[in-house]
Amino acid sequence: MSFAQPLPSPGMASGRRRPKNLPSLPPSAFSPPSTGTSDMFPLPPTPSALFPGEVVDAHLRSEALGSAGLDLAGTEVAGVVLLLNEFSMPEGLQSSLTQNVRVLSVAAPFELSAIPSDYSDHSESSGIPQSLYTSYAASHEAPEARSQAIETLKWAFSNSRLVDIDVQSDVMSNAAKYEVFEDLLMKATTGLSGDRKVPIVLSNILPPPHDLSLPIVKLLADPSYRNYQAHSASLSLFPNLYVKFTPPMWNQPIPGPADPTSEIDQHREWKRKIKMFIGPVLEAFGYERIIFGTSPSFATPSLLNPADWYALVRESFAELAMEQDAIDAIFSLNAKRIYGSP
């Protein structure tokens, strides 16, 4: 009984491997695309060449005006939103700080612990739109304090055209803290009529408080980052809620320009982390509800160099291949829309 010999496998003969026959490419593969094709599939903008047409600093502490508060390394600052130190409008404040910089709005402070008894809106007399801002901290999470905070926020939503909230509790990474904060927002906004759905602007959650020593590889799988993703999506369901992109509470000074001679480029490391936190918020809110600002949380005593922060944020968005209209919206147009004159 005879058996047929098995055929050699492709590319094999006498136990030796033959070189594969590579397919030949047509000449068109080596030719540049036609004009029509390049118009249909344009290359993304070069990050180093993508700048906003103008900048509105929508989170500028009034005490920063005497420092480098309006200097963003040559980029034109067209307007600011001033966060006042006092409840009343300061005397002599003009609607324009300089010939080219307009005061888009001023925000007067109030405490969540009690409804202010002496508040008055000076928008008409001063010619500058006025709004309110407050801080939310861990001390407001206790039941009694939370109940008072809800009532005070209801008052603010009924008496102001916009309310800023500086979130000083780590609600983005801690599930229990987030549930308390979300419950506060829901109860404070319940019952408001459609025309009183004033914009709510949260700061100090993009980026959130973070331990810079945690590597990105571990951050991706860390429960705090997963909570951040989930909480970003949940907050976006409040249709009148916006997020400010302000300097984070990372317990380190914001690094200056990239130094190619440095062994550890802190500028690059910060950008890598920042882009990790941009993603979930950008996906949930879209670029129409993100607003740029340069002053950090009021829980941070020192004022930072706004030019360094602007460079980090601009480069981070540009490296994410954002379009020009998105860059313009984040750095100026969104702030003009909600803080400008009604």
# chains A, B, ... in the order shown; residues from 1 in each chain; ligands from 1
>>> closest_atom_pairs(of="stretch 98-148 of chain A", to="stretch 198-202 of chain A", cutoff="12 Å", atoms="only C-alpha atoms", output="CSV")
residue,atom,partner,partner_atom,distance
A:Ala107,CA,A:Val201,CA,11.7
A:Ser131,CA,A:Pro199,CA,10.3
A:Leu132,CA,A:Ile200,CA,10.1
A:Tyr133,CA,A:Val201,CA,9.0
A:Thr134,CA,A:Leu202,CA,10.0
A:Ser135,CA,A:Leu202,CA,9.7
A:Tyr136,CA,A:Leu202,CA,9.9
>>> residues_around(residues="A:Gln148", least_positions_apart="6", cutoff="10 Å", atoms="only C-alpha atoms", output="count of residues only")
6
>>> select_by_dssp(residues="stretch 214-338 of chain A", states="helix (DSSP H, G or I)", output="number ranges by chain")
A: 216-221, 223-235, 266-285, 287-289, 306-319, 324-338
>>> closest_residue(among="A:Ala137, A:Ala145, A:Ala335, A:Ala49", to="A:Ile165", atoms="only C-alpha atoms")
A:Ala137
>>> atom_distance(atom1="atom CA of A:Pro239", atom2="atom CA of A:Thr190")
13.2 Å
>>> closest_residue(among="A:Phe51, A:Tyr287, A:Phe277, A:Tyr178", to="A:Leu72", atoms="only C-alpha atoms")
A:Phe51
>>> closest_residue(among="A:Pro208, A:Pro248, A:Gly340, A:Gly127", to="A:His231", atoms="only C-alpha atoms")
A:Pro208
>>> atom_distance(atom1="atom CA of A:Glu111", atom2="atom CA of A:Lys177")
19.6 Å
>>> closest_residue(among="A:Thr294, A:Ser236, A:Thr300, A:Ser316", to="A:Asn251", atoms="only C-alpha atoms")
A:Thr300
>>> closest_residue(among="A:Ile278, A:Ala311, A:Met172, A:Val180", to="A:Pro143", atoms="only C-alpha atoms")
A:Val180
>>> closest_atom_pairs(of="stretch 135-221 of chain A", to="stretch 119-126 of chain A", cutoff="12 Å", atoms="only C-alpha atoms", output="JSON lines")
{"residue": "A:Trp155", "atom": "CA", "partner": "A:Tyr119", "partner_atom": "CA", "distance": 11.0}
{"residue": "A:Ala156", "atom": "CA", "partner": "A:Tyr119", "partner_atom": "CA", "distance": 10.2}
{"residue": "A:Asn159", "atom": "CA", "partner": "A:Asp121", "partner_atom": "CA", "distance": 8.7}
{"residue": "A:Ser160", "atom": "CA", "partner": "A:Asp121", "partner_atom": "CA", "distance": 8.2}
{"residue": "A:Arg161", "atom": "CA", "partner": "A:Asp121", "partner_atom": "CA", "distance": 10.1}
